[in-house]
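Undergrad: Mind having a look at this structure? Questions to follow.
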Amino acid sequence: MSRRLAPGGTVAFVGLLVLLLALPAVSSSYFVDFVMTRTMMLGLAAATIVFLAKYGGMISLAQLLFFGIAGFMYGNAALESGARGLNLGWDPWVAVVFALGVATAVALLLGAIASRTTGIYFLMLTLVYGVIGFFFFAQVITISGPGGVTSIAPPDLFSEPVRLYYAGVVLSALAYAGFRAIGGTPFGLALQGIRDDPVRMASLGFNVPLHRTLAFTAAAFVAAVAGLLNVWWNGQIDPASVSIGPTLVLLIIAVIGGISYFEGAWLGAFVYLLANNYMRQLPLVDRIGIREDRFNTVIGVLVLVIMVLSPEGLAGIAAKAGGSLRRTGRRSPSGPSAAAGTAGERTEQPDREPARTTGTGEPSPATPTTKGTVE
Amino acid sequence: MTANLTAAAEDPHAPVLRVRSVVMRFGGLLALDGIDLDVVQGERLAILGPNGAGKTTLFNVIAGDLRPTQGSVAIKGVDCTLLPSRHRPRLGVARTYQKARSFPGLTVGDNLYLAVVGKRGRHRSLLRTATDRSWRDRAVEAAEAVWLGRQLDTLVGALSHGQKRQLELGMAVVTDPDVMLLDEPASGLSRGERERLTELLDELAVNATLLLIEHDMDVAFAVARRVVVMFDGTTIASGTPEEVQHNPLVHEIYLGTGAA
Ligand SMILES: Nc1ncnc2c1ncn2[C@@H]1O[C@H](COP(=O)(O)OP(=O)(O)OP(=O)(O)O)[C@@H](O)[C@H]1O
Ligand SMILES: [Mg+2]
C-alpha cells in the first residue's frame with residue numbers, strides 16, 4: 001500500500017514542490033494565473049473525489065457543491081454593500097471560517113444520510129445533492145444574487161494573483177501529503193476496510209456509517225478550501241458554477257488523472273486546463289472543425305482515449321511507464337522520476353508535470369478581461 | 001479482557017451464551033424454527049448438520065449480522081438480540097465467516113491489525129502511537145499462529161484460498177476473544193493443514209468458549225466436547241460426540257444411509 005512515500009517518492013515530491021514554487025519566476029503570468037493556479041484549486045477539489053473513491057469506495061458527485069457553498073458563503077459574508085447577496089460585511093477571515101463552517105456542517109448532515117448507501121446508490125444520492133444544491137442557489141437569490149455574487153475580493157493577503165498561486169501550491173501539497181498519510185492511520189485503514197467489506201468491519205467492532213460520514217465531511221472541508229481559492233481567483237460566483245456540467249467536469253478531471261491516484265487529481269486538472277486554454281491556438285485546429293463551441297466534445301474524446309488506453313487514467317499510464325522503465329533496469333537521467341518508481345504498485349510521477357510546464361512555451365494570448373468558471 | 005469477563009464471573013454457572021426460541025424467516029423460508037441453546041464458559045461445541053440446515057444463519061443471529069424474527073440472544077447476561085454486530089467484539093465475541101471475508105485491498109498485517117483496533121478502540125485515530133506498536137506485534141503473533149508469518153505484507157487479494165481461510169481464523173484469534181464462533185474453519189484446507197488446525201484450536205480454546213460449525217467429523221470430534229446436530233432449522237440431537245454418533249435419528253437424516 002502507498003501508506004508512506006518511499007524515499008524516492010519524497011525526493012520527487014519535494015523536488016516538484018520547489019519547481020512549482022519557483023515557477024512564477026520563469027513562466028508567464030498568464031500561465032501561472034490561468035493554468036497553474038486553477039490546476040491547484042481544481043486538483044485540490046478533485047483530490048477529495050479521489051480520497052473518497054480510493055479509500056472509501058465512494059464516488060461522490062457532491063464535491064463541487066461544497067466547493068460552491070464555500071464560495072457563496074464567503075461572498076455573502078465578506079461583501080459590505082453594493083454587490084448582490086446578503087452583504088454581511090464581515091472581516092474576510094471571519095468570512096473564511098464561516099464559509100468553511102457552513103460547508104462542513106452541511107457535509108456532516110448530507111454525509112450522515114449518504115453513509116448508509118454504497119456503490120451506485122451513493123453516486124446517485126450525491127448527484128441528487130448536487131442537483132438540489134444547484135436549484136437552491138438558482139432559486140434563493142437573496143443568497144446567490146440575481147446572476148451571481150460579484151466583486152468578491154480575497155483577504156488582503158491574497159490580493160496579488162501570484163500569492164493565490166502560492167496558497168494553492170502549499171494547500172495542495174498539504175492535502176496531498178495528508179491524504180496519503182491518512183491511508184496508514186487507524187482511521188484510514190478502517191476506511192479501506194469498509195471499502196472492501198463493510199459487514200465484516202461492523203462485526204470487527206467498527207461503526208461503519210459514522211466512519212463514512214466523517215470521511216465525507218473531511219473531504220468536503222478540503223473541497224470547501226478549494227472553493228475559497230476559486231472564488232478569490234474568480235472574483236464572483238453564480239449558480240451555474242455549481243450546475244451539473246461543472247460537477248461532471250470535476251469528476252472527469254479525477255477520472256482522466258486516475259481515480260485511484262492522488263497525484264492524478266492535479267494531473268487531470270492540469271491536462272484539462274491546458275486543453276481548455278491552449279487547444280484553440282494549435283495551428284489549423286479550426287480547419288478540422290474544433291471551434292470554441294465544440295470544445296467539450298474534444299474533451300469528451302480526450303477522456304475516451306485516456307480511458308481506453310488506461311482505466312487508471314494518466315497517473316496509471318505514468319505508473320505503468322515507470323514500472324516498465326524499472327524492469328528494463330534503465331534509470332531516467334532526470335533522477336527523481338526513476339526514483340519515484342520505487343514506491344511500489346501505486347507510484348506516481350509527479351515530476352512530469354513541470355517538465356511539460358516548462359516545455360509548453362509562451363502562447364501570449366489576449367488576456368481575457370473576465371476569468372472563466374470551472375467550465 | 002478480564003473486564004469483559006466480569007458479567008460471567010458473577011455467576012460461574014450462568015451460560016456465556018443463551019439462545020431462546022430463535023426463529024428466523026427469510027420471506028417464505030423458515031431458516032431457524034425455534035432454536036434453544038445454552039453454552040457455558042469454556043465449553044467447546046460443534047454444530048453439525050446438512051447443507052441448508054440453518055447453521056450459518058444461527059451464527060449470523062448470534063453475531064448480530066441478522067436480527068431474529070423472534071426469540072432472544074444473550075451474551076454474558078447482556079441481551080444482544082437487537083444490538084448491532086459492532087458491539088460484539090467488546091463483549092469478547094469474535095466470529096469467522098464460512099466464505100472468507102477479509103479485506104483484499106489491504107495486507108495480511110493490516111487485516112489482523114484492524115481486527116485488534118476494532119476490539120480495542122481508537123477507531124478514528126489519525127495518529128500512530130506506541131499502543132499501535134503493541135497491537136502490531138499482536139498482529140504479527142497471530143499471523144505466525146495461523147502460518148501466515150511470511151505473508152504479513154502480502155495483499156490479501158493475492159492469497160490462496162487456503163491462506164484466506166487461515167487469515168479468517170487469525171482475525172478471530174488476534175482479538176483474544178472469550179467466545180469464538182468459527183464457521184467451517186477447516187473447509188478448503190489440506191489434510192495436513194486440518195491436523196494443524198485441530199492442534200491450534202486445542203491450544204486456543206483452553207480458555208475461550210468455542211462454537212464450531214464443521215462438516216469435517218475428524219476436526220469436529222477432535223475439538224468439541226459437545227455436539228449439536230441441526231436439521232431444517234431445528235436442533236435434532238445434542239450430546240457428546242459418542243452419543244450423537246450413535247443417535248439413530250442423526251444416522252437417518254445426516255450421517256447418511258437409513259440406519260436404525
Ligand atoms: N440472507 C438470506 N436470505 C435468504 N435466505 C437465506 C439467507 N441466509 C440463508 N438463507 C437460507 O436459509 C437456509 C439456511 O441457510 P444456512 O446458510 O444457515 O445453512 P447452513 O446450515 O449454514 O448450510 P451450509 O452447510 O451449506 O453452510 C438456506 O435455505 C438458505 O438458502
Ligand atoms: Mg453455512
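Scheme for the C-alpha cells: letters A, B, ... for chains in order shown; per-chain residue numbers from 1; ligand numbers from 1 in order shown.
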Pull the closest atom pair for each residue of chain B that gets at most 9 Å from ligand 1, along with the distance in Å to one decimal, counting only C-alpha atoms and all ligand atoms, ordering rows by chain and then ascending residue number, as CSV.
TA:
residue,atom,partner,partner_atom_place_in_ligand_line,distance
B:Met24,CA,ligand 1,12 (O),8.5
B:Arg25,CA,ligand 1,5 (N),8.0
B:Phe26,CA,ligand 1,4 (C),4.8
B:Gly27,CA,ligand 1,4 (C),7.4
B:Leu29,CA,ligand 1,12 (O),6.9
B:Leu30,CA,ligand 1,12 (O),7.2
B:Ala31,CA,ligand 1,12 (O),4.5
B:Leu32,CA,ligand 1,14 (C),7.6
B:Leu48,CA,ligand 1,21 (O),8.1
B:Gly49,CA,ligand 1,21 (O),6.2
B:Pro50,CA,ligand 1,25 (O),5.6
B:Asn51,CA,ligand 1,25 (O),3.6
B:Gly52,CA,ligand 1,19 (O),3.5
B:Ala53,CA,ligand 1,21 (O),3.8
B:Gly54,CA,ligand 1,18 (O),3.1
B:Lys55,CA,ligand 1,21 (O),3.7
B:Thr56,CA,ligand 1,22 (O),3.7
B:Thr57,CA,ligand 1,18 (O),3.7
B:Leu58,CA,ligand 1,18 (O),6.4
B:Phe59,CA,ligand 1,18 (O),8.0
B:Asn60,CA,ligand 1,18 (O),8.2
B:Leu66,CA,ligand 1,1 (N),8.1
B:Gln98,CA,ligand 1,27 (O),7.0
B:Asp183,CA,ligand 1,22 (O),8.1
B:Glu184,CA,ligand 1,27 (O),8.1
B:Ile213,CA,ligand 1,22 (O),8.1
B:Glu214,CA,ligand 1,25 (O),8.3
B:His215,CA,ligand 1,25 (O),7.4
B:Met230,CA,ligand 1,21 (O),7.7
B:Phe231,CA,ligand 1,21 (O),7.9
B:Asp232,CA,ligand 1,14 (C),7.7
B:Gly233,CA,ligand 1,14 (C),7.2
Undergrad: Could you pull the residues within 12 Å of Val96 (chain A), counting only C-alpha atoms, minus those fewer than 3 positions along the same chain, as a count of residues only?
TA: 31
Undergrad: Specify as a CSV table (one decimal) with all heavy atoms, in the first residue's frame all residues of chain A found within 6 Å of chain B, counting only C-alpha atoms.
TA:
chain,number,residue,atom,x,y,z
A,185,THR,N,-3.1,5.4,8.9
A,185,THR,CA,-3.6,5.6,10.2
A,185,THR,C,-4.7,4.6,10.5
A,185,THR,O,-5.4,4.1,9.6
A,185,THR,CB,-4.1,7.0,10.5
A,185,THR,OG1,-5.3,7.2,9.6
A,185,THR,CG2,-3.1,8.1,10.1
A,186,PRO,N,-5.1,4.4,11.8
A,186,PRO,CA,-6.2,3.6,12.1
A,186,PRO,C,-7.5,4.0,11.4
A,186,PRO,O,-8.2,3.2,10.8
A,186,PRO,CB,-6.4,3.7,13.6
A,186,PRO,CG,-5.0,4.0,14.1
A,186,PRO,CD,-4.3,4.8,13.0
A,187,PHE,N,-7.7,5.3,11.3
A,187,PHE,CA,-8.9,5.8,10.6
A,187,PHE,C,-8.9,5.5,9.1
A,187,PHE,O,-9.9,5.0,8.6
A,187,PHE,CB,-9.0,7.4,10.7
A,187,PHE,CG,-10.2,8.0,10.0
A,187,PHE,CD1,-11.4,8.0,10.6
A,187,PHE,CD2,-10.0,8.5,8.7
A,187,PHE,CE1,-12.5,8.5,9.9
A,187,PHE,CE2,-11.1,9.0,8.0
A,187,PHE,CZ,-12.4,9.0,8.6
A,193,GLY,N,-10.9,-0.8,4.9
A,193,GLY,CA,-11.6,-2.0,5.3
A,193,GLY,C,-13.1,-1.9,4.9
A,193,GLY,O,-13.7,-2.8,4.4
A,196,ASP,N,-13.7,-2.4,1.4
A,196,ASP,CA,-13.6,-3.8,0.9
A,196,ASP,C,-14.8,-4.6,1.4
A,196,ASP,O,-15.3,-5.5,0.7
A,196,ASP,CB,-12.3,-4.4,1.4
A,196,ASP,CG,-11.1,-3.9,0.6
A,196,ASP,OD1,-11.4,-3.2,-0.4
A,196,ASP,OD2,-10.0,-4.2,0.9
A,202,ALA,N,-18.1,-4.1,10.5
A,202,ALA,CA,-19.0,-3.9,11.6
A,202,ALA,C,-18.8,-5.1,12.6
A,202,ALA,O,-18.8,-4.9,13.8
A,202,ALA,CB,-20.5,-3.9,11.1
A,203,SER,N,-18.6,-6.3,12.1
A,203,SER,CA,-18.5,-7.4,13.0
A,203,SER,C,-17.2,-7.3,13.7
A,203,SER,O,-17.0,-8.0,14.8
A,203,SER,CB,-18.8,-8.7,12.3
A,203,SER,OG,-17.6,-9.2,11.7
A,204,LEU,N,-16.2,-6.6,13.2
A,204,LEU,CA,-15.0,-6.4,13.9
A,204,LEU,C,-15.1,-5.3,15.0
A,204,LEU,O,-14.2,-5.1,15.8
A,204,LEU,CB,-13.8,-6.0,13.0
A,204,LEU,CG,-13.3,-7.1,12.1
A,204,LEU,CD1,-12.2,-6.6,11.2
A,204,LEU,CD2,-12.8,-8.3,12.9
A,205,GLY,N,-16.2,-4.6,15.0
A,205,GLY,CA,-16.5,-3.6,16.0
A,205,GLY,C,-16.5,-2.1,15.5
A,205,GLY,O,-16.7,-1.2,16.4
A,206,PHE,N,-16.4,-1.9,14.2
A,206,PHE,CA,-16.4,-0.5,13.7
A,206,PHE,C,-17.8,0.0,13.5
A,206,PHE,O,-18.7,-0.7,13.0
A,206,PHE,CB,-15.6,-0.4,12.5
A,206,PHE,CG,-14.1,-0.7,12.7
A,206,PHE,CD1,-13.6,-2.0,12.6
A,206,PHE,CD2,-13.3,0.4,13.0
A,206,PHE,CE1,-12.2,-2.2,12.9
A,206,PHE,CE2,-11.9,0.2,13.2
A,206,PHE,CZ,-11.4,-1.1,13.1
Undergrad: Excluding Asp218 (chain B) and its own-chain neighbours fewer than 5 positions away, which residues fall within 12 Å of it when counting only C-alpha atoms? Please give them as a PyMOL selection string.
TA: chain B and resi 46+186+191+194-195+197-199+223-224+241
Undergrad: Keeping only all heavy atoms, write those residues as a compact mmCIF listing (two decimals), in the first residue's frame.
TA:
# COMPACT_ATOMS: atom_id res chain seq x y z
N ALA B 46 -19.57 -28.26 18.93
CA ALA B 46 -19.60 -28.36 17.47
C ALA B 46 -21.04 -28.39 17.01
O ALA B 46 -21.88 -29.04 17.64
CB ALA B 46 -18.87 -29.61 17.00
N ALA B 186 -12.19 -25.40 8.71
CA ALA B 186 -11.30 -26.35 8.04
C ALA B 186 -11.60 -26.49 6.55
O ALA B 186 -10.85 -27.14 5.83
CB ALA B 186 -11.41 -27.72 8.71
N ARG B 191 -5.21 -31.80 4.08
CA ARG B 191 -5.27 -32.71 5.22
C ARG B 191 -4.29 -32.32 6.32
O ARG B 191 -4.64 -32.25 7.50
CB ARG B 191 -4.96 -34.13 4.73
CG ARG B 191 -4.90 -35.17 5.83
CD ARG B 191 -4.76 -36.56 5.26
NE ARG B 191 -6.02 -37.04 4.66
CZ ARG B 191 -7.02 -37.55 5.38
NH1 ARG B 191 -6.91 -37.65 6.69
NH2 ARG B 191 -8.11 -37.98 4.80
N ARG B 194 -5.44 -29.33 8.15
CA ARG B 194 -6.54 -29.63 9.06
C ARG B 194 -6.03 -30.16 10.39
O ARG B 194 -6.53 -29.80 11.45
CB ARG B 194 -7.46 -30.69 8.44
CG ARG B 194 -8.43 -30.11 7.46
CD ARG B 194 -9.07 -31.20 6.63
NE ARG B 194 -9.79 -30.56 5.56
CZ ARG B 194 -11.11 -30.56 5.44
NH1 ARG B 194 -11.86 -31.22 6.30
NH2 ARG B 194 -11.69 -29.92 4.47
N GLU B 195 -5.02 -31.01 10.30
CA GLU B 195 -4.47 -31.55 11.54
C GLU B 195 -3.85 -30.45 12.39
O GLU B 195 -4.06 -30.38 13.60
CB GLU B 195 -3.44 -32.64 11.23
CG GLU B 195 -4.11 -33.98 10.97
CD GLU B 195 -3.18 -34.97 10.27
OE1 GLU B 195 -1.95 -34.76 10.31
OE2 GLU B 195 -3.71 -35.94 9.69
N LEU B 197 -4.68 -27.35 12.23
CA LEU B 197 -5.78 -26.51 12.69
C LEU B 197 -6.37 -27.08 13.97
O LEU B 197 -6.65 -26.36 14.93
CB LEU B 197 -6.87 -26.42 11.61
CG LEU B 197 -8.13 -25.68 12.04
CD1 LEU B 197 -7.90 -24.18 12.03
CD2 LEU B 197 -9.31 -26.02 11.15
N THR B 198 -6.54 -28.41 13.99
CA THR B 198 -7.08 -29.06 15.17
C THR B 198 -6.21 -28.79 16.39
O THR B 198 -6.69 -28.43 17.46
CB THR B 198 -7.18 -30.58 14.93
OG1 THR B 198 -7.83 -30.79 13.68
CG2 THR B 198 -7.97 -31.25 16.02
N GLU B 199 -4.90 -28.93 16.19
CA GLU B 199 -3.96 -28.62 17.28
C GLU B 199 -4.11 -27.18 17.73
O GLU B 199 -4.17 -26.88 18.92
CB GLU B 199 -2.51 -28.82 16.82
CG GLU B 199 -2.06 -30.26 16.77
CD GLU B 199 -0.71 -30.36 16.08
OE1 GLU B 199 0.13 -29.44 16.28
OE2 GLU B 199 -0.50 -31.33 15.33
N VAL B 223 -12.06 -31.64 18.40
CA VAL B 223 -12.04 -30.37 19.13
C VAL B 223 -13.17 -30.27 20.15
O VAL B 223 -12.98 -29.79 21.26
CB VAL B 223 -12.10 -29.18 18.14
CG1 VAL B 223 -12.20 -27.86 18.89
CG2 VAL B 223 -10.89 -29.19 17.22
N ALA B 224 -14.36 -30.72 19.76
CA ALA B 224 -15.54 -30.44 20.58
C ALA B 224 -15.78 -31.50 21.65
O ALA B 224 -15.40 -32.66 21.49
CB ALA B 224 -16.77 -30.34 19.69
N PRO B 241 -19.85 -36.40 21.52
CA PRO B 241 -19.63 -36.95 20.18
C PRO B 241 -20.11 -38.40 20.07
O PRO B 241 -20.75 -38.76 19.08
CB PRO B 241 -18.12 -36.84 20.01
CG PRO B 241 -17.73 -35.66 20.84
CD PRO B 241 -18.67 -35.67 22.01
Undergrad: What is the distance, in Å and to one decimal place, between CA of Ile152 (chain A) and CA of Pro239 (chain A)?
TA: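 Distance reported for this atom pair: 15.0 Å.
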Undergrad: Report as JSON, numbers by chain all protein, DNA and RNA residues lying within 9 Å of Ala240 (chain A), evaluated on only C-alpha atoms, omitting residues in the same chain fewer than 5 positions from it.
TA: {"A": [134, 137, 138, 147, 148, 245, 246, 373]}
Undergrad: Would you mind exporting N, CA and C atoms of the selected residues as a compact mmCIF listing (two decimals), in the first residue's frame?
TA:
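result-v6.txt written:
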# COMPACT_ATOMS: atom_id res chain seq x y z
N PHE A 134 -27.72 23.04 -6.63
CA PHE A 134 -27.81 23.96 -7.77
C PHE A 134 -29.15 24.70 -7.74
N PHE A 137 -29.35 27.37 -4.96
CA PHE A 137 -28.68 28.64 -5.26
C PHE A 137 -29.33 29.36 -6.43
N ALA A 138 -29.88 28.58 -7.39
CA ALA A 138 -30.53 29.23 -8.53
C ALA A 138 -31.81 29.94 -8.08
N GLY A 147 -28.12 36.47 -10.83
CA GLY A 147 -26.95 36.40 -11.72
C GLY A 147 -25.64 36.22 -10.99
N GLY A 148 -25.68 35.87 -9.72
CA GLY A 148 -24.44 35.56 -9.02
C GLY A 148 -23.97 36.67 -8.11
N GLY A 245 -23.06 20.50 -15.22
CA GLY A 245 -21.91 20.49 -16.13
C GLY A 245 -20.59 20.54 -15.38
N PRO A 246 -20.35 21.59 -14.60
CA PRO A 246 -19.10 21.66 -13.83
C PRO A 246 -18.93 20.50 -12.85
N THR A 373 -15.34 30.33 -15.32
CA THR A 373 -15.68 29.43 -14.22
C THR A 373 -15.08 28.08 -14.54
Undergrad: So that I can see what lies close to Ala46 (chain A), please list as a ChimeraX atom specification the residues with an atom at most 9 Å from it, counting only C-alpha atoms and leaving out residues fewer than 4 positions away in the same chain.
TA: /A:41-42,50-51,63-64,223,250-254,262,264-266,268-269
Undergrad: Excluding Gln163 (chain B) and any residue of its chain fewer than 3 positions from it, enumerate the residues within 10 Å of it, using only C-alpha atoms, and give them as number ranges by chain.
TA: B: 100, 108, 146-148, 151, 156, 158-160, 166-169, 188-189
Undergrad: Give me a file of those residues, with N, CA, C and O atoms, as an mmCIF file, in the first residue's frame.
TA:
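What ended up in out-v7.cif:
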data_model
loop_
_atom_site.group_PDB
_atom_site.id
_atom_site.type_symbol
_atom_site.label_atom_id
_atom_site.label_comp_id
_atom_site.auth_asym_id
_atom_site.auth_seq_id
_atom_site.Cartn_x
_atom_site.Cartn_y
_atom_site.Cartn_z
ATOM 1 N N ALA B 100 -14.537 -16.798 3.304
ATOM 2 C CA ALA B 100 -13.618 -15.826 3.915
ATOM 3 C C ALA B 100 -14.014 -14.399 3.557
ATOM 4 O O ALA B 100 -14.263 -14.077 2.409
ATOM 5 N N VAL B 108 -2.070 -8.603 4.833
ATOM 6 C CA VAL B 108 -2.399 -9.536 5.910
ATOM 7 C C VAL B 108 -2.205 -8.847 7.264
ATOM 8 O O VAL B 108 -3.063 -8.909 8.147
ATOM 9 N N VAL B 146 -1.252 -18.632 12.633
ATOM 10 C CA VAL B 146 -2.027 -19.259 11.553
ATOM 11 C C VAL B 146 -1.161 -19.442 10.303
ATOM 12 O O VAL B 146 -1.680 -19.495 9.185
ATOM 13 N N TRP B 147 0.128 -19.544 10.506
ATOM 14 C CA TRP B 147 1.091 -19.859 9.438
ATOM 15 C C TRP B 147 1.082 -18.831 8.302
ATOM 16 O O TRP B 147 1.209 -19.162 7.140
ATOM 17 N N LEU B 148 0.901 -17.596 8.665
ATOM 18 C CA LEU B 148 0.969 -16.545 7.654
ATOM 19 C C LEU B 148 2.077 -15.543 7.995
ATOM 20 O O LEU B 148 2.075 -14.419 7.521
ATOM 21 N N GLN B 151 3.647 -13.874 5.160
ATOM 22 C CA GLN B 151 2.763 -13.144 4.235
ATOM 23 C C GLN B 151 2.292 -11.815 4.807
ATOM 24 O O GLN B 151 1.367 -11.211 4.276
ATOM 25 N N VAL B 156 -4.116 -9.193 0.704
ATOM 26 C CA VAL B 156 -4.965 -10.357 0.924
ATOM 27 C C VAL B 156 -5.559 -10.850 -0.391
ATOM 28 O O VAL B 156 -5.753 -12.049 -0.585
ATOM 29 N N ALA B 158 -4.151 -11.322 -2.968
ATOM 30 C CA ALA B 158 -3.206 -12.200 -3.653
ATOM 31 C C ALA B 158 -3.003 -13.532 -2.927
ATOM 32 O O ALA B 158 -2.231 -14.367 -3.376
ATOM 33 N N LEU B 159 -3.702 -13.745 -1.811
ATOM 34 C CA LEU B 159 -3.536 -15.008 -1.074
ATOM 35 C C LEU B 159 -4.295 -16.125 -1.766
ATOM 36 O O LEU B 159 -5.262 -15.895 -2.485
ATOM 37 N N SER B 160 -3.853 -17.365 -1.490
ATOM 38 C CA SER B 160 -4.597 -18.522 -1.986
ATOM 39 C C SER B 160 -5.854 -18.705 -1.135
ATOM 40 O O SER B 160 -5.990 -18.095 -0.068
ATOM 41 N N GLN B 166 -7.024 -19.320 6.601
ATOM 42 C CA GLN B 166 -6.148 -19.183 7.772
ATOM 43 C C GLN B 166 -6.246 -17.769 8.342
ATOM 44 O O GLN B 166 -6.293 -17.573 9.553
ATOM 45 N N LEU B 167 -6.268 -16.787 7.432
ATOM 46 C CA LEU B 167 -6.358 -15.400 7.880
ATOM 47 C C LEU B 167 -7.679 -15.170 8.610
ATOM 48 O O LEU B 167 -7.731 -14.485 9.640
ATOM 49 N N GLU B 168 -8.743 -15.768 8.078
ATOM 50 C CA GLU B 168 -10.065 -15.645 8.687
ATOM 51 C C GLU B 168 -9.989 -16.075 10.156
ATOM 52 O O GLU B 168 -10.484 -15.382 11.044
ATOM 53 N N LEU B 169 -9.320 -17.192 10.382
ATOM 54 C CA LEU B 169 -9.157 -17.679 11.753
ATOM 55 C C LEU B 169 -8.276 -16.722 12.550
ATOM 56 O O LEU B 169 -8.586 -16.388 13.704
ATOM 57 N N GLY B 188 -11.565 -26.124 2.779
ATOM 58 C CA GLY B 188 -10.565 -25.595 1.862
ATOM 59 C C GLY B 188 -9.141 -25.791 2.335
ATOM 60 O O GLY B 188 -8.211 -25.353 1.664
ATOM 61 N N LEU B 189 -8.965 -26.426 3.488
ATOM 62 C CA LEU B 189 -7.601 -26.683 3.948
ATOM 63 C C LEU B 189 -7.183 -28.094 3.543
ATOM 64 O O LEU B 189 -8.013 -28.996 3.417
#
Undergrad: Just how far from CA of Val199 (chain A) is CA of Asp38 (chain B), in Å to one decimal?
TA: 26.3 Å
Undergrad: Identify, with DSSP run on backbone atoms, the residues in region 125-241 of chain B assigned to strand (DSSP E or B), and express the list as a PyMOL selection string.
TA: chain B and resi 155+179-183+209-213+226-231+234-239
Undergrad: Just list the residues in region 89-189 of chain A DSSP gives helix (DSSP H, G or I) on the backbone, as a ChimeraX atom specification.
TA: /A:92-114,119-139,141-144,156-158,161-182,186-189
Undergrad: Quote the spacing between CA of Phe13 (chain A) and CA of Arg38 (chain A) in Å to one decimal place.
TA: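 Taking CA of Phe13 (chain A) as the start and CA of Arg38 (chain A) as the end point, the length is 19.5 Å.
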Undergrad: Identify which of the residues B:Ile47, B:Val23, B:Leu83, B:Val244 lies closest to ligand 2, counting only C-alpha atoms and all ligand atoms when measuring atom-to-atom distances.
TA: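 Distance minimum relative to ligand 2 lands on B:Ile47.
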Undergrad: Env of Val22 (chain B): 9 Å cut, atoms = only C-alpha atoms, seq-sep filter 4 positions within chain, self excluded. Answer as an NGL selection string.
TA: :B and (32-36 or 58 or 61 or 68-73)
Undergrad: Produce a file of the selected residues containing C-alpha atoms, as a PDB file, in the first residue's frame.
TA:
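Dumped to part11.pdb:
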ATOM      1  CA  LEU B  32     -34.500 -21.237  12.030  1.00  0.00           C
ATOM      2  CA  ASP B  33     -37.542 -22.716  13.688  1.00  0.00           C
ATOM      3  CA  GLY B  34     -37.292 -22.175  17.430  1.00  0.00           C
ATOM      4  CA  ILE B  35     -33.679 -22.764  18.415  1.00  0.00           C
ATOM      5  CA  ASP B  36     -32.713 -23.008  22.099  1.00  0.00           C
ATOM      6  CA  LEU B  58     -27.783 -19.245  13.658  1.00  0.00           C
ATOM      7  CA  VAL B  61     -28.162 -14.195  14.586  1.00  0.00           C
ATOM      8  CA  PRO B  68     -34.056 -12.810  14.521  1.00  0.00           C
ATOM      9  CA  THR B  69     -37.719 -12.723  13.557  1.00  0.00           C
ATOM     10  CA  GLN B  70     -38.500 -13.949  17.065  1.00  0.00           C
ATOM     11  CA  GLY B  71     -36.620 -15.031  20.147  1.00  0.00           C
ATOM     12  CA  SER B  72     -33.657 -13.650  22.027  1.00  0.00           C
ATOM     13  CA  VAL B  73     -29.892 -13.889  22.265  1.00  0.00           C
TER      14      VAL B  73
END
